[in-house]
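Structure data (TSV, C-alpha atoms) from input_13.tsv:
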chain	number	residue	atom	x	y	z
A	126	MET	CA	-1.79	-3.36	-24.26
A	127	SER	CA	0.53	-0.32	-24.60
A	128	ILE	CA	3.93	0.01	-22.93
A	129	ALA	CA	2.50	2.73	-20.66
A	130	ALA	CA	-0.36	0.45	-19.61
A	131	ASP	CA	2.08	-2.40	-18.94
A	132	ASP	CA	4.21	-0.10	-16.78
A	133	SER	CA	1.17	1.13	-14.86
A	134	ALA	CA	0.03	-2.45	-14.21
A	135	ARG	CA	3.51	-3.38	-12.99
A	136	ARG	CA	3.61	-0.43	-10.60
A	137	ARG	CA	0.13	-1.32	-9.28
A	138	ARG	CA	1.32	-4.87	-8.54
A	139	ILE	CA	4.42	-3.63	-6.74
A	140	ALA	CA	2.38	-1.10	-4.74
A	141	GLY	CA	-0.16	-3.81	-3.89
A	142	PHE	CA	2.46	-6.17	-2.48
A	143	ALA	CA	4.09	-3.31	-0.56
A	144	PHE	CA	0.72	-2.36	0.92
A	145	ILE	CA	0.07	-5.94	2.03
A	146	ALA	CA	3.39	-5.80	3.90
A	147	LEU	CA	2.37	-2.48	5.50
A	148	LEU	CA	-1.04	-3.89	6.48
A	149	LEU	CA	0.58	-6.93	8.08
A	150	LEU	CA	2.95	-4.61	9.93
A	151	SER	CA	-0.03	-2.66	11.30
A	152	VAL	CA	-1.58	-5.90	12.59
A	153	PHE	CA	1.56	-7.01	14.45
A	154	TRP	CA	2.91	-3.57	15.37
A	155	PRO	CA	5.00	-3.04	17.50
A	156	SER	CA	5.81	-6.74	17.96
A	157	PRO	CA	8.62	-6.77	15.31
A	158	VAL	CA	10.40	-3.97	17.17
A	159	VAL	CA	9.89	-5.69	20.53
A	160	SER	CA	11.24	-8.99	19.20
A	161	THR	CA	14.27	-7.32	17.61
A	162	ASN	CA	14.98	-5.46	20.84
A	163	ARG	CA	14.81	-8.70	22.81
A	164	LEU	CA	17.30	-10.36	20.45
A	165	CYS	CA	19.95	-7.64	20.35
A	166	CYS	CA	19.43	-4.70	22.71
A	167	ASN	CA	17.29	-5.59	25.73
A	168	ALA	CA	16.42	-1.90	26.15
A	169	PRO	CA	13.42	-1.09	28.40
A	170	LEU	CA	10.32	-0.52	26.23
A	171	PRO	CA	6.84	0.69	27.23
A	172	VAL	CA	5.22	-1.88	24.89
A	173	ASP	CA	5.16	-5.67	24.44
A	174	GLU	CA	3.73	-8.28	22.03
A	175	LEU	CA	0.21	-7.71	23.39
A	176	SER	CA	0.31	-4.00	22.57
A	177	PHE	CA	-1.28	-2.97	19.28
A	178	LEU	CA	-1.77	0.02	17.05
A	179	GLY	CA	-4.07	2.73	18.31
A	180	ARG	CA	-4.40	1.48	21.88
A	181	GLU	CA	-1.07	2.10	23.64
A	182	ALA	CA	2.10	4.20	23.42
A	183	PRO	CA	1.15	7.06	21.04
A	184	ALA	CA	4.83	7.65	20.23
A	185	TRP	CA	5.06	4.15	18.77
A	186	ASP	CA	1.89	4.76	16.77
A	187	ALA	CA	3.47	7.93	15.39
A	188	LEU	CA	6.46	5.90	14.21
A	189	PHE	CA	4.18	3.53	12.31
A	190	TRP	CA	2.32	6.40	10.65
A	191	CYS	CA	5.64	7.91	9.61
A	192	LEU	CA	6.36	4.65	7.79
A	193	ALA	CA	2.88	4.74	6.25
A	194	GLY	CA	3.50	8.36	5.18
A	195	LEU	CA	6.75	7.38	3.47
A	196	PHE	CA	4.83	4.65	1.64
A	197	ALA	CA	2.22	7.18	0.48
A	198	ILE	CA	4.95	9.55	-0.74
A	199	ALA	CA	6.53	6.68	-2.69
A	200	ILE	CA	3.22	5.97	-4.44
A	201	VAL	CA	2.71	9.62	-5.34
A	202	HIS	CA	6.31	9.91	-6.58
A	203	SER	CA	6.08	6.76	-8.71
A	204	GLY	CA	2.76	7.72	-10.26
A	205	ASP	CA	0.91	10.74	-11.54
A	206	VAL	CA	-1.91	11.80	-9.23
A	207	LYS	CA	-4.78	13.34	-11.17
A	208	LEU	CA	-7.65	14.55	-9.00
A	209	ASP	CA	-9.61	15.13	-12.20
A	210	ASP	CA	-10.11	11.36	-12.31
A	211	LEU	CA	-12.69	11.79	-9.55
A	212	ARG	CA	-15.01	13.82	-11.77
A	213	SER	CA	-16.55	10.78	-13.47
A	214	PHE	CA	-17.88	9.61	-10.10
A	215	ARG	CA	-20.16	12.61	-9.86
A	216	ALA	CA	-22.54	10.47	-11.90
A	217	LEU	CA	-22.63	7.82	-9.15
A	218	ARG	CA	-26.22	6.79	-8.47
A	219	PHE	CA	-27.64	3.97	-6.37
A	220	ARG	CA	-30.60	1.69	-6.91
A	221	LEU	CA	-31.70	-1.67	-5.54
A	222	PRO	CA	-30.20	-4.57	-7.52
A	223	ARG	CA	-32.46	-7.27	-8.88
A	224	HIS	CA	-33.48	-9.86	-6.30
A	225	PHE	CA	-32.25	-7.59	-3.46
A	226	ILE	CA	-35.52	-7.92	-1.52
A	227	ILE	CA	-35.47	-11.71	-1.88
A	228	ALA	CA	-31.87	-11.84	-0.64
A	229	THR	CA	-32.75	-9.65	2.34
A	230	ILE	CA	-35.71	-11.83	3.34
A	231	ALA	CA	-33.59	-14.98	2.98
A	232	ALA	CA	-30.89	-13.46	5.21
A	233	LEU	CA	-33.47	-12.56	7.89
A	234	VAL	CA	-34.95	-16.07	7.87
A	235	ALA	CA	-31.50	-17.66	8.07
A	236	THR	CA	-30.55	-15.36	10.97
A	237	PHE	CA	-33.59	-16.40	13.01
A	238	LEU	CA	-32.96	-20.09	12.29
A	239	ILE	CA	-29.32	-19.81	13.38
A	240	ALA	CA	-30.32	-17.90	16.52
A	241	TRP	CA	-32.93	-20.50	17.42
A	242	PHE	CA	-31.06	-23.71	16.64
A	243	ALA	CA	-27.33	-23.01	16.45
A	244	ASP	CA	-26.22	-20.10	18.65
A	245	ILE	CA	-25.69	-21.91	21.95
A	246	PRO	CA	-24.33	-25.19	20.47
A	247	ILE	CA	-21.75	-23.33	18.38
A	248	ILE	CA	-20.65	-21.14	21.30
A	249	ALA	CA	-20.31	-24.25	23.48
A	250	TRP	CA	-18.27	-25.92	20.71
A	251	ALA	CA	-16.03	-22.84	20.42
A	252	GLU	CA	-15.50	-22.86	24.18
A	253	GLY	CA	-14.27	-26.44	23.98
A	254	LEU	CA	-11.67	-25.45	21.36
A	255	GLN	CA	-10.12	-22.66	23.40
A	256	SER	CA	-6.32	-22.79	23.61
A	257	ALA	CA	-3.34	-20.44	23.53
A	258	THR	CA	-3.14	-20.94	19.75
A	259	THR	CA	-6.78	-20.02	19.09
A	260	GLU	CA	-6.45	-16.99	21.37
A	261	ASP	CA	-3.43	-15.80	19.37
A	262	TRP	CA	-5.30	-16.13	16.06
A	263	VAL	CA	-8.36	-14.40	17.47
A	264	ARG	CA	-6.23	-11.50	18.69
A	265	ILE	CA	-4.54	-11.12	15.28
A	266	LEU	CA	-7.80	-11.24	13.32
A	267	ASN	CA	-9.50	-8.79	15.69
A	268	ARG	CA	-6.64	-6.38	15.09
A	269	LEU	CA	-6.96	-6.84	11.33
A	270	GLY	CA	-10.68	-6.03	11.35
A	271	GLY	CA	-10.53	-3.10	13.77
A	272	GLY	CA	-8.71	0.12	14.47
A	273	MET	CA	-7.44	2.15	11.52
A	274	ASN	CA	-6.98	-0.82	9.17
A	275	PRO	CA	-10.28	-0.38	7.25
A	276	GLY	CA	-9.41	3.28	6.66
A	277	LEU	CA	-5.90	2.28	5.63
A	278	VAL	CA	-7.33	-0.03	2.96
A	279	VAL	CA	-9.64	2.67	1.57
A	280	LEU	CA	-6.86	5.28	1.45
A	281	PHE	CA	-4.52	2.90	-0.34
A	282	PHE	CA	-7.02	2.13	-3.10
A	283	LEU	CA	-7.83	5.83	-3.51
A	284	LEU	CA	-4.24	7.08	-3.57
A	285	ALA	CA	-2.88	4.25	-5.74
A	286	GLY	CA	-5.87	4.49	-8.08
A	287	LEU	CA	-5.31	8.21	-8.60
A	288	ALA	CA	-1.54	7.80	-8.97
A	289	TYR	CA	-1.72	4.94	-11.49
A	290	ARG	CA	-4.85	6.12	-13.30
A	291	SER	CA	-6.91	3.06	-12.35
A	292	ARG	CA	-10.58	3.98	-12.41
A	293	GLU	CA	-11.44	0.56	-10.94
A	294	TRP	CA	-9.27	1.16	-7.86
A	295	VAL	CA	-10.65	4.68	-7.38
A	296	GLY	CA	-14.16	3.30	-7.72
A	297	CYS	CA	-13.45	0.60	-5.16
A	298	ALA	CA	-12.10	3.21	-2.73
A	299	ILE	CA	-15.17	5.42	-3.08
A	300	GLY	CA	-17.46	2.41	-2.87
A	301	MET	CA	-15.74	1.04	0.25
A	302	ALA	CA	-15.88	4.44	1.95
A	303	LEU	CA	-19.61	4.85	1.25
A	304	SER	CA	-20.43	1.24	2.08
A	305	GLY	CA	-18.43	1.31	5.31
A	306	LEU	CA	-19.96	4.62	6.39
A	307	GLY	CA	-23.52	3.50	5.68
A	308	ALA	CA	-23.06	0.14	7.37
A	309	GLY	CA	-21.32	1.74	10.36
A	310	ILE	CA	-24.20	4.15	10.99
A	311	ALA	CA	-26.72	1.31	10.70
A	312	VAL	CA	-24.72	-0.79	13.20
A	313	GLN	CA	-24.87	1.88	15.90
A	314	ILE	CA	-28.60	2.41	15.45
A	315	VAL	CA	-29.40	-1.32	15.58
A	316	LYS	CA	-27.17	-1.83	18.65
A	317	LEU	CA	-29.13	0.78	20.59
A	318	ILE	CA	-32.43	-0.86	19.57
A	319	THR	CA	-31.60	-4.53	20.21
A	320	LEU	CA	-29.43	-4.42	23.38
A	321	ARG	CA	-28.60	-8.11	23.05
A	322	ALA	CA	-26.23	-9.56	25.66
A	323	ARG	CA	-22.85	-10.84	24.53
A	324	PRO	CA	-22.20	-14.59	24.80
A	325	GLU	CA	-19.26	-13.94	27.14
A	326	LEU	CA	-21.85	-13.00	29.79
A	327	TRP	CA	-23.52	-16.39	29.28
A	328	LEU	CA	-26.91	-15.07	30.34
A	329	GLY	CA	-28.81	-16.52	27.41
A	330	PRO	CA	-29.27	-15.28	23.88
A	331	PHE	CA	-31.89	-12.59	24.49
A	332	VAL	CA	-31.06	-10.87	27.78
A	333	HIS	CA	-31.08	-7.08	27.89
A	334	ALA	CA	-27.81	-5.37	28.79
A	335	ARG	CA	-26.16	-1.98	28.62
A	336	SER	CA	-25.80	-0.57	25.09
A	337	SER	CA	-22.02	-0.70	25.41
A	338	ALA	CA	-22.34	-4.49	25.77
A	339	SER	CA	-24.79	-4.98	22.91
A	340	SER	CA	-23.90	-8.04	20.86
A	341	PHE	CA	-26.11	-7.48	17.82
A	342	PRO	CA	-24.80	-6.71	15.28
A	343	SER	CA	-21.02	-7.23	15.09
A	344	GLY	CA	-19.32	-3.98	14.10
A	345	HIS	CA	-16.10	-5.76	13.09
A	346	THR	CA	-18.02	-8.16	10.82
A	347	VAL	CA	-20.29	-5.55	9.26
A	348	GLY	CA	-17.31	-3.31	8.52
A	349	ALA	CA	-15.24	-6.13	7.07
A	350	PHE	CA	-17.99	-7.35	4.74
A	351	ALA	CA	-19.08	-3.83	3.79
A	352	LEU	CA	-15.57	-3.17	2.46
A	353	VAL	CA	-14.91	-6.64	1.11
A	354	GLY	CA	-18.31	-6.76	-0.58
A	355	VAL	CA	-17.38	-3.83	-2.81
A	356	LEU	CA	-14.26	-5.71	-3.94
A	357	LEU	CA	-16.30	-8.90	-4.35
A	358	PHE	CA	-18.90	-7.24	-6.58
A	359	ALA	CA	-16.80	-4.59	-8.35
A	360	SER	CA	-13.24	-5.90	-8.71
A	361	ARG	CA	-12.18	-7.83	-11.80
A	362	SER	CA	-9.38	-9.65	-9.95
A	363	ARG	CA	-10.35	-13.17	-8.88
A	364	ALA	CA	-7.37	-13.43	-6.54
A	365	LEU	CA	-8.32	-10.17	-4.82
A	366	ARG	CA	-11.94	-11.24	-4.43
A	367	PHE	CA	-10.97	-14.63	-2.98
A	368	ILE	CA	-8.43	-13.22	-0.50
A	369	ALA	CA	-10.79	-10.44	0.56
A	370	ILE	CA	-13.78	-12.70	1.27
A	371	ALA	CA	-11.57	-15.25	3.07
A	372	LEU	CA	-10.18	-12.56	5.39
A	373	ALA	CA	-13.64	-11.13	6.08
A	374	ALA	CA	-14.97	-14.59	6.92
A	375	ALA	CA	-12.00	-15.20	9.24
A	376	ILE	CA	-12.67	-11.90	11.03
A	377	GLY	CA	-16.31	-12.89	11.51
A	378	VAL	CA	-15.39	-16.33	12.91
A	379	SER	CA	-12.85	-14.72	15.23
A	380	ARG	CA	-15.64	-12.68	16.84
A	381	ILE	CA	-17.39	-15.94	17.75
A	382	PHE	CA	-14.21	-17.46	19.20
A	383	ALA	CA	-13.65	-14.24	21.16
A	384	PHE	CA	-17.15	-14.76	22.67
A	385	ARG	CA	-18.05	-11.21	21.74
A	386	HIS	CA	-20.87	-12.19	19.39
A	387	TRP	CA	-23.31	-15.03	18.77
A	388	PRO	CA	-23.12	-16.88	15.44
A	389	SER	CA	-26.44	-15.33	14.39
A	390	ASP	CA	-24.96	-11.87	15.10
A	391	VAL	CA	-22.02	-12.63	12.84
A	392	PHE	CA	-24.15	-14.12	10.06
A	393	ALA	CA	-26.60	-11.21	10.09
A	394	SER	CA	-23.72	-8.72	10.17
A	395	ALA	CA	-21.99	-10.37	7.21
A	396	ALA	CA	-25.26	-10.38	5.28
A	397	ALA	CA	-25.91	-6.72	6.12
A	398	GLY	CA	-22.42	-5.70	5.01
A	399	LEU	CA	-22.80	-7.59	1.74
A	400	LEU	CA	-26.27	-6.17	1.06
A	401	VAL	CA	-25.09	-2.59	1.59
A	402	SER	CA	-21.97	-3.15	-0.52
A	403	TRP	CA	-24.08	-4.78	-3.25
A	404	ILE	CA	-26.08	-1.58	-3.68
A	405	VAL	CA	-22.94	0.58	-3.66
A	406	ALA	CA	-20.98	-1.73	-5.98
A	407	GLU	CA	-23.79	-1.68	-8.54
A	408	GLY	CA	-23.44	2.09	-8.80
A	409	VAL	CA	-19.64	1.98	-8.87
A	410	THR	CA	-19.61	-0.69	-11.58
A	411	ARG	CA	-21.86	1.40	-13.83
A	412	VAL	CA	-19.31	4.23	-13.68
A	413	THR	CA	-16.13	2.14	-13.96
A	414	SER	CA	-17.52	0.04	-16.82
A	415	GLU	CA	-16.83	2.97	-19.11
A	416	ALA	CA	-13.50	3.00	-20.94
A	417	GLU	CA	-10.41	3.73	-18.87
A	418	PRO	CA	-9.05	7.23	-19.50
A	419	ALA	CA	-6.10	7.47	-21.82
A	420	SER	CA	-2.67	7.67	-20.15

Output the file's structure in the form of structure tokens.
Amino acid sequence: MSIAADDSARRRRIAGFAFIALLLLSVFWPSPVVSTNRLCCNAPLPVDELSFLGREAPAWDALFWCLAGLFAIAIVHSGDVKLDDLRSFRALRFRLPRHFIIATIAALVATFLIAWFADIPIIAWAEGLQSATTEDWVRILNRLGGGMNPGLVVLFFLLAGLAYRSREWVGCAIGMALSGLGAGIAVQIVKLITLRARPELWLGPFVHARSSASSFPSGHTVGAFALVGVLLFASRSRALRFIAIALAAAIGVSRIFAFRHWPSDVFASAAAGLLVSWIVAEGVTRVTSEAEPAS
């Protein structure tokens, strides 16, 4: 490996760790500021630990995005953004992977079995485990899987991939954007068709409700697995694949413990996200498998 390649890999690692810190900050924002204020200043603030990004106090959101903008500038300054690196992805084509139909049928069968035998027992079990601690974890994971965080992940991979000439990262960004968009559209269509009641209403697993209360599928879970699936199928980093799938699974479980979705909703949503990302990742991998461009 050349000195230039070594330097690029080092900068990618540094940027990756810095982005993880920024992503964690987005999940807890503005709690660090609130806690610091409580320790030293005790100034009146319009936010507290229950506030979170994108829902309250736009001025505080603007402060976070200023920090994110500084991070983006640092990446651009430390790298060499080449928009020409996007040209190779014009050849991106999609086709059904081998055994895709079998995997889809298996997922449908498993979803019906879970709905029939496991939905109510698992929800009852989750209700028995409710505590302040589980509520805190559910709140954190729901923040991680919602809001602007999925978009933040995609933008990081795209910007860092262009800056550090990593075709794999650029491919992952494009794949996650396409997979997330496709899965998101499908979620909204299916929600309007199924109109399944959420478990928090405790009206039974197949009671019709308003579309805004539709439980099937889980948007958080579909989105998480649509993005994570691209990393799972296209990334060469084992650590990244493991962390990504663990976080996506945690987000899915948190939707059950929040009583917003039945276990069968979450399973079907995870399967749908993975199936969509499998198709997209196959196309991305065919493009990124070519030799990396010379630095």

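Distance check against Thr346 (chain A) using all atoms listed in the file: of A:Arg138, A:Arg363, A:Lys316, A:His386, the minimum falls on A:His386.
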
Point-to-point distance from CA of Leu188 (chain A) to CA of Pro157 (chain A), Å rounded to tenths: 12.9 Å

Distance query region 198-203 of chain A at most 8 Å, only C-alpha atoms, self and fewer than 2 positions along chain excluded, as number ranges by chain: A: 136, 140, 194-196, 205-206, 284-285, 288

Distance criterion (all atoms listed in the file): nearest to Phe189 (chain A) out of A:Ser291, A:Ser402, A:Ser156, A:Ser151: A:Ser151

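CA of Val278 (chain A) sits 8.6 Å away from CA of Phe144 (chain A).
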
Contacts of Arg366 (chain A) at 9 Å (all atoms listed in the file; same-chain gap of 4+ positions) as a PDB file with C-alpha atoms, in the coordinates of the input:
ATOM      1  CA  VAL A 353     -14.910  -6.640   1.110  1.00  0.00           C
ATOM      2  CA  GLY A 354     -18.310  -6.760  -0.580  1.00  0.00           C
ATOM      3  CA  LEU A 356     -14.260  -5.710  -3.940  1.00  0.00           C
ATOM      4  CA  LEU A 357     -16.300  -8.900  -4.350  1.00  0.00           C
ATOM      5  CA  PHE A 358     -18.900  -7.240  -6.580  1.00  0.00           C
ATOM      6  CA  SER A 360     -13.240  -5.900  -8.710  1.00  0.00           C
ATOM      7  CA  ARG A 361     -12.180  -7.830 -11.800  1.00  0.00           C
ATOM      8  CA  SER A 362      -9.380  -9.650  -9.950  1.00  0.00           C
ATOM      9  CA  ILE A 370     -13.780 -12.700   1.270  1.00  0.00           C
ATOM     10  CA  ALA A 371     -11.570 -15.250   3.070  1.00  0.00           C
TER      11      ALA A 371
END

Within 6 Å of Leu399 (chain A) using only C-alpha atoms, minus same-chain residues under 4 positions, as a ChimeraX atom specification: /A:350-351,354,403

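Here CA of Ser256 (chain A) and CA of Val378 (chain A) stand 15.4 Å from one another.
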
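Using all atoms listed in the file for every distance, the candidate list A:Ala406, A:Arg385, A:Gly344, A:Trp262 yields A:Ala406 as the residue closest to Ala302 (chain A).
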
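Taking all atoms listed in the file, the non-local environment of Glu407 (chain A) within 10 Å (same-chain residues fewer than 2 positions away omitted) comprises A:Leu217, A:Arg218, A:Phe219, A:Arg220, A:Leu221, A:Pro222, A:Gly300, A:Val355, A:Phe358, A:Ala359, A:Ser402, A:Trp403, A:Ile404, A:Val405, A:Val409, A:Thr410, A:Arg411, A:Val412.
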